[in-house]
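This report refers to the structure that appears directly beneath it.
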Amino acid sequence: MSLLCVAAVMVVGCTAQEPDRRFTVPKALCGVTVPTDALSQLLPASGERLTVEHDGSLDDGSAVCGVRVDEDTVLQVSGERINAGDSARHILRSRLMIQEQKSIEGNSIAYADQAAVSLIKCRGADVQEDISTFVKVLKPGRPKELAMKMLIQGYTASLKRQQPCERAS
């Protein structure tokens with residue numbers, strides 16, 4: 001009987017392959033702290049090397065970060081200052097034609113399994129704009145609705161703590 005158990009464990013061990021992830025999940029994207037557990041769920045289950053490419057700055061109007069695993073860009077985060085008045089749902093729908101989406105936090109965040117948008121409203125005597133953050137999972141990344149919700153919420157909360165509206169020109 002014990003020989004049968006050992007054989008069963010060996011068969012299970014051979015067929016249930018463990019993901020071979022050798023990269024470290026970043027703690028920040030575009031200079032903004034992210035919930036690594038949520039980001040981890042959206043990244044590929046395997047891969048050797050992760051790199052984050054960053055271009056631009058919200059201070060200058062827009063920033064883009066691309067997350068690459070090995071040779072593939074698997075996730076993109078972009079932020080930009082936009083005219084006040086648009087909605088997160090509209091931006092997500094117009095950029096990716098995503099009709100099936102959910103929204104939270106007074107409709108300032110819209111998300112689906114493969115993408116999300118958030119808006120931070122910047123209002124003042126000299127400023128009438130929003131800061132839009134757009135996150136998109138690309139293959140071989142893994143779309144997952146709950147992870148996308150957690151990522152966009154955490155990213156937006158971290159960005160708000162940086163007080164990006166005060167830097168508006």
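Just so we're on the same page: first chain in the structure tokens is A, next is B, and so on; residues restart at 1 for each chain, and ligands are numbered from 1 in the order they show up.
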List the spatial neighbours of segment 29-45 of chain A as a list in words - criterion: any atom at most 8 Å away, only C-alpha atoms, same-chain residues fewer than 6 positions off excluded.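 Here the qualifying residues turn out to be Pro19, Asp20, Arg21, Val52, His54, Ala63, Val64, Cys65, Val69, Val74, Leu75, Val77, Val137, Pro140, Gly141, Arg142, Pro143, Lys144, Ala147, Met148, Met150, Leu151, Gly154, Tyr155, Ser158 and Leu159 of chain A.
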To test your reading of the structure, identify every residue in segment 74-138 of chain A that backbone DSSP assigns to strand (DSSP E), and report it as a count of residues only. 35
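Closest to Arg95 of chain A among A:Ala115, A:Glu48, A:Thr24, A:Asp70 is A:Ala115, based on only C-alpha atoms.
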Of the listed residues A:Val25, A:Leu92, A:Val67, A:Val135, that which approaches Gln153 of chain A most closely, counting only C-alpha atoms: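 Selected residue with least distance to Gln153 of chain A: A:Val135.
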Write out as a tab-separated table (two decimals) with N, CA and C atoms, in the first residue's frame which residues come within 8 Å of Leu58 of chain A when counting only C-alpha atoms, dropping same-chain ones fewer than 6 positions away.
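As a result, selection-v9.tsv now contains:
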```tsv
chain	number	residue	atom	x	y	z
A	79	GLY	N	-0.18	57.43	-17.08
A	79	GLY	CA	-0.87	58.48	-16.35
A	79	GLY	C	-0.77	59.77	-17.14
A	80	GLU	N	-1.84	60.54	-17.11
A	80	GLU	CA	-1.79	61.82	-17.81
A	80	GLU	C	-2.75	62.81	-17.17
A	81	ARG	N	-2.43	64.06	-17.37
A	81	ARG	CA	-3.31	65.14	-16.94
A	81	ARG	C	-4.28	65.39	-18.08
A	164	PRO	N	-0.40	64.72	-6.24
A	164	PRO	CA	-0.03	65.12	-7.59
A	164	PRO	C	-0.74	66.40	-8.05
```
Straight-line distance linking atom CA of Ser62 of chain A with atom CA of Ser78 of chain A, stated in Å to one decimal: 7.3 Å
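The nearest approach to Ala125 of chain A among the residues A:Glu166, A:Leu96, A:Asp113, A:His90, with only C-alpha atoms taken into account, belongs to A:Glu166.
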